[in-house]
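For reference, query.cif is printed below; it contains mmCIF, C-alpha atoms.
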data_run
loop_
_atom_site.label_atom_id
_atom_site.label_comp_id
_atom_site.auth_asym_id
_atom_site.auth_seq_id
_atom_site.Cartn_x
_atom_site.Cartn_y
_atom_site.Cartn_z
CA MET A 109 310.72 125.18 49.83
CA THR A 110 307.88 123.27 48.18
CA ALA A 111 305.81 125.31 45.76
CA GLN A 112 302.03 125.38 45.72
CA PRO A 113 300.37 123.43 42.90
CA SER A 114 299.70 125.54 39.83
CA ALA A 115 296.51 125.23 37.82
CA SER A 116 298.50 123.21 35.29
CA GLY A 117 298.95 120.43 37.83
CA LEU A 118 302.73 120.66 38.14
CA VAL A 119 304.00 120.65 41.72
CA PRO A 120 307.70 121.53 41.59
CA SER A 121 310.04 123.00 44.16
CA ARG A 122 310.61 126.75 43.92
CA LEU A 123 314.23 126.17 42.95
CA GLY A 124 314.94 123.70 40.16
CA LEU A 125 318.06 122.31 38.52
CA GLY A 126 318.66 122.73 34.80
CA LEU A 127 321.11 120.33 33.14
CA ALA A 128 322.26 122.45 30.18
CA ALA A 129 325.79 122.74 31.62
CA LEU A 130 325.94 119.22 33.07
CA GLY A 131 324.99 117.14 30.05
CA ARG A 132 327.65 118.13 27.52
CA PRO A 133 331.34 119.09 27.56
CA GLY A 134 330.83 122.56 26.07
CA TYR A 135 328.41 125.33 27.00
CA ILE A 136 328.26 129.14 26.94
CA ASN A 137 328.24 129.74 30.71
CA VAL A 138 331.14 131.92 31.82
CA GLY A 139 333.89 129.66 33.21
CA HIS A 140 332.16 126.41 32.23
CA GLY A 141 335.45 124.91 31.01
CA ASP A 142 337.19 125.72 34.29
CA ASP A 143 334.38 124.04 36.21
CA LEU A 144 334.69 120.82 34.23
CA GLY A 145 338.48 120.67 34.16
CA SER A 146 340.38 118.53 31.70
CA ASN A 147 338.43 115.28 32.07
CA ARG A 148 335.31 115.61 29.95
CA GLU A 149 334.89 111.95 29.09
CA GLN A 150 331.30 110.77 29.17
CA ALA A 151 331.80 108.60 32.24
CA ALA A 152 333.34 111.49 34.18
CA MET A 153 330.57 113.83 33.08
CA ARG A 154 327.94 111.32 34.16
CA GLU A 155 329.47 111.02 37.62
CA ARG A 156 329.68 114.81 37.93
CA ALA A 157 326.03 115.14 36.94
CA HIS A 158 325.01 112.46 39.43
CA THR A 159 326.97 114.18 42.20
CA VAL A 160 325.27 117.52 41.57
CA LEU A 161 321.87 115.82 41.23
CA ASP A 162 322.45 114.05 44.56
CA ALA A 163 323.26 117.35 46.25
CA ALA A 164 320.22 119.02 44.70
CA TYR A 165 317.83 116.26 45.73
CA ASP A 166 319.25 116.06 49.24
CA ALA A 167 318.74 119.83 49.54
CA GLY A 168 315.07 119.54 48.60
CA ILE A 169 315.11 120.32 44.89
CA ARG A 170 312.39 118.35 43.11
CA TYR A 171 312.24 120.01 39.68
CA PHE A 172 314.74 118.84 37.03
CA ASP A 173 314.99 120.24 33.51
CA ALA A 174 316.76 118.67 30.52
CA ALA A 175 316.54 118.74 26.70
CA ARG A 176 317.35 116.52 23.74
CA SER A 177 320.09 118.97 22.73
CA TYR A 178 321.82 118.99 26.13
CA GLY A 179 324.20 116.24 25.07
CA LEU A 180 323.53 113.25 27.33
CA ALA A 181 321.58 115.18 29.98
CA GLU A 182 318.47 113.03 29.66
CA ARG A 183 320.52 109.85 29.92
CA PHE A 184 322.42 111.14 32.94
CA LEU A 185 319.17 112.20 34.60
CA GLY A 186 317.41 108.93 33.80
CA SER A 187 320.26 106.80 35.14
CA TRP A 188 320.39 108.90 38.30
CA LEU A 189 316.67 108.52 38.91
CA ALA A 190 317.03 104.76 38.54
CA ARG A 191 320.09 104.60 40.77
CA ARG A 192 318.37 106.56 43.54
CA GLY A 193 315.13 104.63 43.13
CA ILE A 194 313.12 107.85 42.91
CA ALA A 195 309.45 107.34 42.10
CA PRO A 196 307.88 109.44 39.33
CA ALA A 197 305.47 111.01 41.82
CA ASP A 198 308.34 112.33 43.95
CA VAL A 199 309.84 114.68 41.34
CA THR A 200 308.85 116.86 38.42
CA VAL A 201 310.93 116.01 35.35
CA ALA A 202 310.85 118.23 32.28
CA SER A 203 312.60 118.01 28.94
CA LYS A 204 312.45 119.72 25.56
CA TRP A 205 312.34 118.84 21.88
CA GLY A 206 313.18 120.78 18.73
CA TYR A 207 316.99 120.95 18.78
CA THR A 208 319.33 118.09 17.90
CA TYR A 209 322.75 117.88 19.53
CA THR A 210 325.40 117.81 16.78
CA ALA A 211 328.70 118.58 18.53
CA ALA A 212 329.74 114.91 18.82
CA TRP A 213 331.10 115.56 22.34
CA ARG A 214 333.49 118.29 21.11
CA VAL A 215 333.81 121.75 22.61
CA ASN A 216 335.18 123.29 19.43
CA ALA A 217 332.43 122.00 17.14
CA GLU A 218 331.38 124.35 14.37
CA THR A 219 327.70 123.67 15.16
CA HIS A 220 326.58 122.48 18.59
CA GLU A 221 322.87 122.04 17.91
CA VAL A 222 320.44 122.25 15.00
CA LYS A 223 316.93 123.66 15.35
CA ASP A 224 314.00 121.90 13.68
CA HIS A 225 310.45 122.26 15.00
CA SER A 226 308.81 119.93 12.50
CA PHE A 227 306.33 117.18 13.34
CA ALA A 228 308.88 114.54 12.29
CA VAL A 229 311.41 115.82 14.82
CA PHE A 230 308.78 115.98 17.56
CA ALA A 231 307.75 112.38 16.96
CA ARG A 232 311.35 111.15 16.85
CA GLN A 233 312.53 113.10 19.87
CA LEU A 234 309.52 112.28 22.05
CA ALA A 235 310.31 108.59 21.53
CA GLU A 236 313.97 109.23 22.33
CA THR A 237 313.11 111.19 25.47
CA ARG A 238 310.72 108.51 26.68
CA SER A 239 313.43 105.89 26.20
CA GLU A 240 315.71 107.88 28.51
CA LEU A 241 313.24 109.16 31.12
CA GLY A 242 310.35 106.70 30.91
CA ARG A 243 307.46 107.29 33.30
CA HIS A 244 309.34 110.11 35.03
CA LEU A 245 308.66 112.52 32.16
CA ASP A 246 306.05 115.05 33.31
CA LEU A 247 306.49 118.06 31.06
CA TYR A 248 307.61 118.18 27.42
CA GLN A 249 308.42 121.59 26.02
CA ILE A 250 309.06 123.07 22.59
CA HIS A 251 312.69 124.17 22.81
CA SER A 252 313.11 127.90 22.11
CA ALA A 253 309.88 128.42 20.26
CA THR A 254 309.74 131.62 18.22
CA LEU A 255 307.14 133.22 16.00
CA GLU A 256 309.60 133.00 13.11
CA SER A 257 309.92 129.20 13.36
CA GLY A 258 306.21 128.82 12.65
CA VAL A 259 305.85 126.01 15.18
CA LEU A 260 302.82 127.59 16.85
CA GLU A 261 301.04 127.70 13.48
CA ASP A 262 301.94 124.13 12.44
CA ALA A 263 298.68 122.18 12.66
CA ALA A 264 300.42 118.80 12.61
CA VAL A 265 302.67 119.73 15.53
CA ILE A 266 299.86 121.30 17.56
CA ASP A 267 297.64 118.27 16.98
CA ALA A 268 300.47 115.99 18.13
CA LEU A 269 301.06 118.11 21.24
CA ALA A 270 297.34 118.04 22.04
CA ALA A 271 297.29 114.26 21.63
CA ALA A 272 300.30 113.91 23.94
CA LYS A 273 298.50 116.07 26.47
CA GLU A 274 295.40 113.90 26.27
CA SER A 275 297.61 110.90 27.06
CA GLY A 276 298.64 112.53 30.35
CA LEU A 277 301.80 114.45 29.42
CA ARG A 278 302.01 118.13 30.36
CA ILE A 279 302.93 120.35 27.42
CA GLY A 280 305.02 123.53 27.53
CA LEU A 281 307.29 125.76 25.53
CA SER A 282 310.53 127.55 26.23
CA VAL A 283 311.17 130.88 24.55
CA SER A 284 314.27 132.86 23.72
CA GLY A 285 315.34 136.12 22.12
CA PRO A 286 314.10 139.72 22.25
CA ARG A 287 310.55 138.74 21.18
CA GLN A 288 309.90 136.26 23.99
CA ALA A 289 306.79 138.14 25.11
CA ASP A 290 305.19 137.99 21.65
CA THR A 291 305.75 134.24 21.47
CA ILE A 292 304.25 133.69 24.92
CA ARG A 293 301.15 135.71 24.06
CA ARG A 294 300.67 133.72 20.87
CA ALA A 295 301.08 130.45 22.77
CA LEU A 296 298.36 131.42 25.25
CA ALA A 297 295.90 131.52 22.38
CA VAL A 298 296.75 128.06 21.00
CA ARG A 299 293.85 125.67 21.61
CA ARG A 300 292.47 122.39 20.37
CA ASP A 301 288.76 121.67 20.92
CA SER A 302 288.62 124.79 23.11
CA VAL A 303 291.31 123.39 25.41
CA ARG A 304 294.52 125.37 25.89
CA VAL A 305 297.45 123.27 24.65
CA PHE A 306 300.19 124.67 26.85
CA ASP A 307 300.49 124.03 30.58
CA ALA A 308 303.83 125.77 31.18
CA VAL A 309 306.17 128.36 29.78
CA GLN A 310 309.91 128.69 30.35
CA ALA A 311 311.58 132.01 29.62
CA THR A 312 314.80 133.92 30.15
CA TRP A 313 314.25 136.48 32.90
CA ASN A 314 316.85 138.07 35.14
CA VAL A 315 318.06 141.37 36.54
CA LEU A 316 319.32 142.37 33.09
CA GLU A 317 316.51 141.00 30.87
CA ARG A 318 312.91 141.57 31.98
CA THR A 319 311.04 142.17 28.73
CA ALA A 320 309.02 138.94 28.98
CA GLU A 321 307.64 139.84 32.41
CA PRO A 322 304.19 141.18 31.38
CA ALA A 323 303.57 138.09 29.25
CA LEU A 324 304.79 135.81 32.03
CA ARG A 325 302.39 137.50 34.44
CA ALA A 326 299.59 136.88 31.97
CA ALA A 327 300.62 133.22 31.63
CA HIS A 328 300.63 132.82 35.41
CA ASP A 329 297.20 134.44 35.66
CA GLU A 330 295.87 131.95 33.10
CA GLY A 331 297.11 129.04 35.20
CA LEU A 332 300.36 128.11 33.45
CA SER A 333 303.43 127.16 35.42
CA VAL A 334 306.17 129.74 34.81
CA ILE A 335 309.75 128.44 34.80
CA VAL A 336 312.47 131.08 34.87
CA LYS A 337 315.72 130.15 33.12
CA GLU A 338 319.09 131.88 32.75
CA VAL A 339 318.52 133.72 36.02
CA LEU A 340 322.30 134.17 36.29
CA ALA A 341 322.61 135.39 32.69
CA ASN A 342 324.86 132.47 31.68
CA GLY A 343 327.28 133.15 34.52
CA ARG A 344 327.43 136.92 34.20
CA LEU A 345 325.45 137.39 37.41
CA THR A 346 328.06 135.53 39.47
CA PRO A 347 331.22 136.74 41.22
CA ARG A 348 333.45 135.75 38.31
CA GLY A 349 331.20 137.02 35.53
CA ILE A 350 329.83 140.26 36.96
CA ALA A 351 332.55 142.37 35.33
CA GLY A 352 331.09 141.46 31.95
CA ILE A 353 327.84 143.40 32.43
CA PRO A 354 327.26 147.17 32.08
CA PRO A 355 329.31 149.07 34.72
CA ASP A 356 326.34 150.83 36.34
CA ALA A 357 324.51 147.55 36.88
CA CYS A 358 327.71 145.88 38.05
CA GLU A 359 328.27 148.55 40.69
CA VAL A 360 324.73 148.34 42.08
CA ILE A 361 324.68 144.53 42.22
CA ARG A 362 328.06 144.33 43.91
CA ALA A 363 327.08 146.96 46.46
CA GLU A 364 323.77 145.28 47.30
CA ALA A 365 325.39 141.85 47.64
CA ILE A 366 327.92 143.30 50.08
CA ARG A 367 325.26 145.23 52.01
CA LEU A 368 323.06 142.14 52.40
CA ASP A 369 326.03 139.80 52.96
CA VAL A 370 325.00 137.42 50.17
CA SER A 371 326.73 136.14 47.06
CA ILE A 372 325.95 137.80 43.74
CA ASP A 373 324.33 134.63 42.38
CA ALA A 374 322.15 134.28 45.49
CA LEU A 375 321.05 137.89 45.12
CA ALA A 376 320.06 137.32 41.48
CA LEU A 377 318.19 134.10 42.29
CA ALA A 378 316.45 135.65 45.29
CA TYR A 379 315.22 138.40 43.00
CA ALA A 380 313.65 135.80 40.70
CA LEU A 381 312.14 133.88 43.61
CA ALA A 382 310.59 137.12 44.87
CA GLN A 383 308.41 137.39 41.75
CA PRO A 384 304.88 136.21 42.60
CA TRP A 385 304.29 134.93 39.07
CA ALA A 386 307.37 132.66 39.01
CA SER A 387 306.67 129.00 39.77
CA VAL A 388 310.27 127.79 39.52
CA ALA A 389 313.66 129.47 39.11
CA LEU A 390 316.34 127.24 37.61
CA SER A 391 319.85 126.86 38.91
CA GLY A 392 322.29 125.94 36.17
CA ALA A 393 325.02 124.83 38.56
CA THR A 394 327.92 122.78 37.22
CA THR A 395 329.47 122.08 40.64
CA VAL A 396 328.18 121.28 44.11
CA GLU A 397 329.81 124.48 45.37
CA GLN A 398 327.85 126.57 42.86
CA LEU A 399 324.65 124.76 43.77
CA GLU A 400 325.21 125.37 47.49
CA SER A 401 325.71 129.06 46.83
CA ASN A 402 322.57 129.16 44.68
CA LEU A 403 320.56 127.41 47.40
CA THR A 404 321.22 130.22 49.88
CA ALA A 405 318.90 132.40 47.75
CA GLN A 406 315.96 130.65 49.42
CA ARG A 407 316.90 132.23 52.74
CA VAL A 408 317.29 135.77 51.38
CA GLU A 409 314.51 138.28 51.99
CA LEU A 410 315.17 141.24 49.75
CA PRO A 411 314.18 144.61 51.24
CA ARG A 412 311.97 146.91 49.21
CA ASP A 413 314.79 149.34 48.40
CA THR A 414 316.89 146.51 46.98
CA LEU A 415 313.98 145.28 44.85
CA ASN A 416 313.52 148.80 43.53
CA GLN A 417 317.19 149.20 42.71
CA LEU A 418 317.41 145.87 40.91
CA ALA A 419 314.26 146.68 38.95
CA GLY A 420 316.04 149.60 37.32
CA LEU A 421 319.00 147.64 35.93
CA ALA A 422 317.42 145.96 32.90
CA MET A 423 319.27 146.32 29.60
CA ASN A 424 317.75 147.02 26.21
CA ALA A 425 316.53 143.64 24.96
CA GLU A 426 318.42 143.79 21.68
CA ALA A 427 321.63 144.67 23.50
CA TYR A 428 321.15 141.88 26.02
CA TRP A 429 320.61 139.22 23.38
CA ALA A 430 323.50 140.49 21.29
CA SER A 431 325.78 140.16 24.32
CA ARG A 432 324.47 136.67 25.00
CA SER A 433 325.12 135.65 21.40
CA ALA A 434 328.73 136.78 21.79
CA LEU A 435 329.42 134.32 24.64
CA ALA A 436 331.89 131.63 23.64
CA TRP A 437 331.34 127.88 24.00
CA ASN A 438 333.90 126.63 26.53
#

Would you encode the structure as structure tokens?
Amino acid sequence: MTAQPSASGLVPSRLGLGLAALGRPGYINVGHGDDLGSNREQAAMRERAHTVLDAAYDAGIRYFDAARSYGLAERFLGSWLARRGIAPADVTVASKWGYTYTAAWRVNAETHEVKDHSFAVFARQLAETRSELGRHLDLYQIHSATLESGVLEDAAVIDALAAAKESGLRIGLSVSGPRQADTIRRALAVRRDSVRVFDAVQATWNVLERTAEPALRAAHDEGLSVIVKEVLANGRLTPRGIAGIPPDACEVIRAEAIRLDVSIDALALAYALAQPWASVALSGATTVEQLESNLTAQRVELPRDTLNQLAGLAMNAEAYWASRSALAWN
């Protein structure tokens, strides 16, 4: 299950664990509220996160992904690493800056996070992240960079990222929205003193949303690690969420899962793992049971006819992102 080192120097497992749904009481994954149940106190959430992290580590997962805006995800991850006595060299730990969590541990908050890609926020959040993750922090990513935010043109931010890279930190960006590919291509050109600033890119890619793929291939070819997020389309590519996608795609995915005797989530993850340019595919599991189902993707060999069928199911990018925006926090 261990991935080969990329040119960026990151050596993660092929399957990673993202903590977006584990670090806060509300998220947009389908059925997230049902997974958490009624007890969403911080102590209960911490224990849940530790339990899922234990299961992931024991199953061979070595890549863990958090963010400043994922509630207390960094704190939960940092306390788990300390409790297990895991050395920094034994895992790849990534986090992100640029969004501030503002929901105050409420599911029904009017605003859950606020985006700000300024130098001041980078400096503040890097210090906060280091206080939670310490020497375990390997990769620090701009959270949902876009061309519109101007972050890739901000000389102060780019200089700060380059300085952090010189100190030994790997630098990346995550992207979001229908123009992911444009943002990735712009990021590949960002350099300081002829040195490329970014070592990794994290993008939404799944059966329904593949528009970033050419840019991700280019990033891989230039030596960046490519982390694939939202492989399960925020729970829509799972048994309980599949009815929420276009009927034609729903029918094909259900039929292929039955034919191959795999779960829908494992089919979707196996499809991501089959991409030669993908370094890591993230599981966003909230429960051990979900994680165990996700892990079976590593044993699935998709036949050529299945790969061809899945390749034809992508939605229009604008339609996909509009449907994602309509998902409720729960």

Report task. Between A:Pro133, A:Pro411, A:Gly139, A:Pro196, single out the one closest to Gly343 (chain A), counting only C-alpha atoms. Result -> A:Gly139

Report task. Considering all atoms listed in the file, state which residue in the set A:Tyr207, A:Trp313, A:Tyr178, A:Phe227 is at the smallest distance from Glu338 (chain A). Result -> A:Trp313

Residues near Ala378 (chain A), anyone? I mean within 8 Å using all atoms listed in the file, not counting same-chain ones fewer than 6 positions away, as a short mmCIF file (atom, residue, chain, number, x, y, z; two decimals) with C-alpha atoms, keeping the file's coordinate frame.
data_model
loop_
_atom_site.label_atom_id
_atom_site.label_comp_id
_atom_site.auth_asym_id
_atom_site.auth_seq_id
_atom_site.Cartn_x
_atom_site.Cartn_y
_atom_site.Cartn_z
CA ALA A 405 318.90 132.40 47.75
CA GLN A 406 315.96 130.65 49.42
CA VAL A 408 317.29 135.77 51.38
CA GLU A 409 314.51 138.28 51.99
CA LEU A 410 315.17 141.24 49.75
#

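Minimum distance to Ser177 (chain A) across A:Ile366, A:Leu381, A:Ala212, A:Ala164 (counting only C-alpha atoms) occurs at A:Ala212.
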
The centre and edge lengths of an axis-aligned box containing all atoms of region 383-388 of chain A present in the file, extended by 4 Å on each side, are to be given in Å to one decimal, as lines of an AutoDock Vina configuration file.
center_x = 307.3
center_y = 132.6
center_z = 40.8
size_x = 14.0
size_y = 17.6
size_z = 11.6

Query raised in the report: Taking into account all atoms listed in the file, which residue in the set A:Gln150, A:Gln398, A:Ser252, A:Gln288 is nearest to Trp213 (chain A)?
Result: A:Gln150

Query raised in the report: So which residues get picked by the PyMOL selection byres ((chain A and resi 198) around 10) here, written as a PyMOL selection string?
Result: chain A and resi 119-120+170-171+194-197+199-201+244

Report task. Output the residue selection produced by the PyMOL selection byres ((chain A and resi 434) around 12) on the file above, formatted as a ChimeraX atom specification. Result -> /A:136-138,342,352,427-433,435-437

Query raised in the report: Exactly which residues make up the result of the PyMOL selection byres ((chain A and resi 423) around 12) on this file, given as a list in words?
Result: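 Residues picked by the PyMOL selection byres ((chain A and resi 423) around 12): Pro286, Trp313, Asn314, Val315, Leu316, Glu317, Arg318, Thr319, Ala341, Ile353, Pro354, Pro355, Asp356, Ala357, Cys358, Leu418, Ala419, Gly420, Leu421, Ala422, Asn424, Ala425, Glu426, Ala427, Tyr428, Trp429, Ala430, Ser431 and Arg432 of chain A.
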
Query - Closest of A:His158, A:Arg176, A:Arg278, A:Arg192 to Val222 (chain A) - atom-to-atom distances counting all atoms listed in the file - result: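 Ranking A:His158, A:Arg176, A:Arg278, A:Arg192 by distance to Val222 (chain A), first place goes to A:Arg176.
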
Report task. Take CA of Lys337 (chain A) and CA of Gly392 (chain A) and report the distance between them in Å, one decimal. Result ->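 Between CA of Lys337 (chain A) and CA of Gly392 (chain A) the gap works out to 8.4 Å.
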
Query raised in the report: Expressed in Å to a single decimal, how great is the separation between CA of Phe172 (chain A) and CA of Phe306 (chain A)?
Result: 18.7 Å

Query raised in the report: So how far away is CA of Thr312 (chain A) from CA of Leu377 (chain A), in Å?
Result: 12.6 Å

Query raised in the report: Quick one: residues within 6 Å of Gly206 (chain A), all atoms listed in the file counted, chain neighbours fewer than 5 positions away excluded, as number ranges by chain?
Result: A: 223-225, 251

**Report entry** Minimum-distance residue to Tyr379 (chain A), chosen among A:Gln249, A:Thr414, A:Ser333, A:Thr404 (using only C-alpha atoms)
**Finding:**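 Closest residue, counting only C-alpha atoms: A:Thr414.
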
Query raised in the report: If we count only C-alpha atoms, what is near Glu364 (chain A) at a cut-off of 9 Å, once residues fewer than 6 positions away on the same chain are taken out, given as a PyMOL selection string?
Result: chain A and resi 370+372+375+414+417

Restrict the selected residues to C-alpha atoms and save them as a short mmCIF file (atom, residue, chain, number, x, y, z; two decimals), keeping the file's coordinate frame.
data_model
loop_
_atom_site.label_atom_id
_atom_site.label_comp_id
_atom_site.auth_asym_id
_atom_site.auth_seq_id
_atom_site.Cartn_x
_atom_site.Cartn_y
_atom_site.Cartn_z
CA VAL A 370 325.00 137.42 50.17
CA ILE A 372 325.95 137.80 43.74
CA LEU A 375 321.05 137.89 45.12
CA THR A 414 316.89 146.51 46.98
CA GLN A 417 317.19 149.20 42.71
#

Requested in this report: Find the residues around Val265 (chain A) up to 8 Å (all atoms listed in the file counted), leave out those fewer than 4 positions away in its own chain, and share them as a list in words.
Outcome: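 Surrounding residues, per the criterion: Ser226, Phe227, Phe230, Val259, Leu260 and Leu269 of chain A.
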
Requested in this report: Tell me which protein, DNA and RNA residues are within 8 Å of Gln310 (chain A), counting only C-alpha atoms, leaving out same-chain ones fewer than 4 positions away, and put them as an MDAnalysis selection string.
Outcome: chainID A and resid 280:283 334:337

Using the incomplete input, complete region 147-160 of chain A to the level of N, CA and C atoms; output as a PDB file, in the coordinates of the input.
ATOM      1  N   ASN A 147     339.072 116.565  32.327  1.00  0.00           N
ATOM      2  CA  ASN A 147     338.430 115.280  32.070  1.00  0.00           C
ATOM      3  C   ASN A 147     336.963 115.488  31.709  1.00  0.00           C
ATOM      4  N   ARG A 148     336.685 115.435  30.411  1.00  0.00           N
ATOM      5  CA  ARG A 148     335.310 115.610  29.950  1.00  0.00           C
ATOM      6  C   ARG A 148     334.801 114.353  29.254  1.00  0.00           C
ATOM      7  N   GLU A 149     335.384 113.220  29.616  1.00  0.00           N
ATOM      8  CA  GLU A 149     334.890 111.950  29.090  1.00  0.00           C
ATOM      9  C   GLU A 149     333.451 111.730  29.586  1.00  0.00           C
ATOM     10  N   GLN A 150     332.700 110.956  28.828  1.00  0.00           N
ATOM     11  CA  GLN A 150     331.300 110.770  29.170  1.00  0.00           C
ATOM     12  C   GLN A 150     331.107 110.173  30.558  1.00  0.00           C
ATOM     13  N   ALA A 151     331.940 109.220  30.922  1.00  0.00           N
ATOM     14  CA  ALA A 151     331.800 108.600  32.240  1.00  0.00           C
ATOM     15  C   ALA A 151     332.039 109.621  33.354  1.00  0.00           C
ATOM     16  N   ALA A 152     333.039 110.465  33.187  1.00  0.00           N
ATOM     17  CA  ALA A 152     333.340 111.490  34.180  1.00  0.00           C
ATOM     18  C   ALA A 152     332.214 112.514  34.259  1.00  0.00           C
ATOM     19  N   MET A 153     331.668 112.875  33.100  1.00  0.00           N
ATOM     20  CA  MET A 153     330.570 113.830  33.080  1.00  0.00           C
ATOM     21  C   MET A 153     329.323 113.240  33.742  1.00  0.00           C
ATOM     22  N   ARG A 154     329.086 111.962  33.532  1.00  0.00           N
ATOM     23  CA  ARG A 154     327.940 111.320  34.160  1.00  0.00           C
ATOM     24  C   ARG A 154     328.079 111.341  35.686  1.00  0.00           C
ATOM     25  N   GLU A 155     329.261 111.028  36.168  1.00  0.00           N
ATOM     26  CA  GLU A 155     329.470 111.020  37.620  1.00  0.00           C
ATOM     27  C   GLU A 155     329.337 112.425  38.193  1.00  0.00           C
ATOM     28  N   ARG A 156     329.830 113.427  37.461  1.00  0.00           N
ATOM     29  CA  ARG A 156     329.680 114.810  37.930  1.00  0.00           C
ATOM     30  C   ARG A 156     328.196 115.169  38.011  1.00  0.00           C
ATOM     31  N   ALA A 157     327.459 114.835  36.946  1.00  0.00           N
ATOM     32  CA  ALA A 157     326.030 115.140  36.940  1.00  0.00           C
ATOM     33  C   ALA A 157     325.328 114.443  38.100  1.00  0.00           C
ATOM     34  N   HIS A 158     325.644 113.182  38.325  1.00  0.00           N
ATOM     35  CA  HIS A 158     325.010 112.460  39.430  1.00  0.00           C
ATOM     36  C   HIS A 158     325.346 113.091  40.778  1.00  0.00           C
ATOM     37  N   THR A 159     326.577 113.544  40.941  1.00  0.00           N
ATOM     38  CA  THR A 159     326.970 114.180  42.200  1.00  0.00           C
ATOM     39  C   THR A 159     326.184 115.449  42.448  1.00  0.00           C
ATOM     40  N   VAL A 160     326.028 116.276  41.414  1.00  0.00           N
ATOM     41  CA  VAL A 160     325.270 117.520  41.570  1.00  0.00           C
ATOM     42  C   VAL A 160     323.785 117.209  41.774  1.00  0.00           C
TER      43      VAL A 160
END
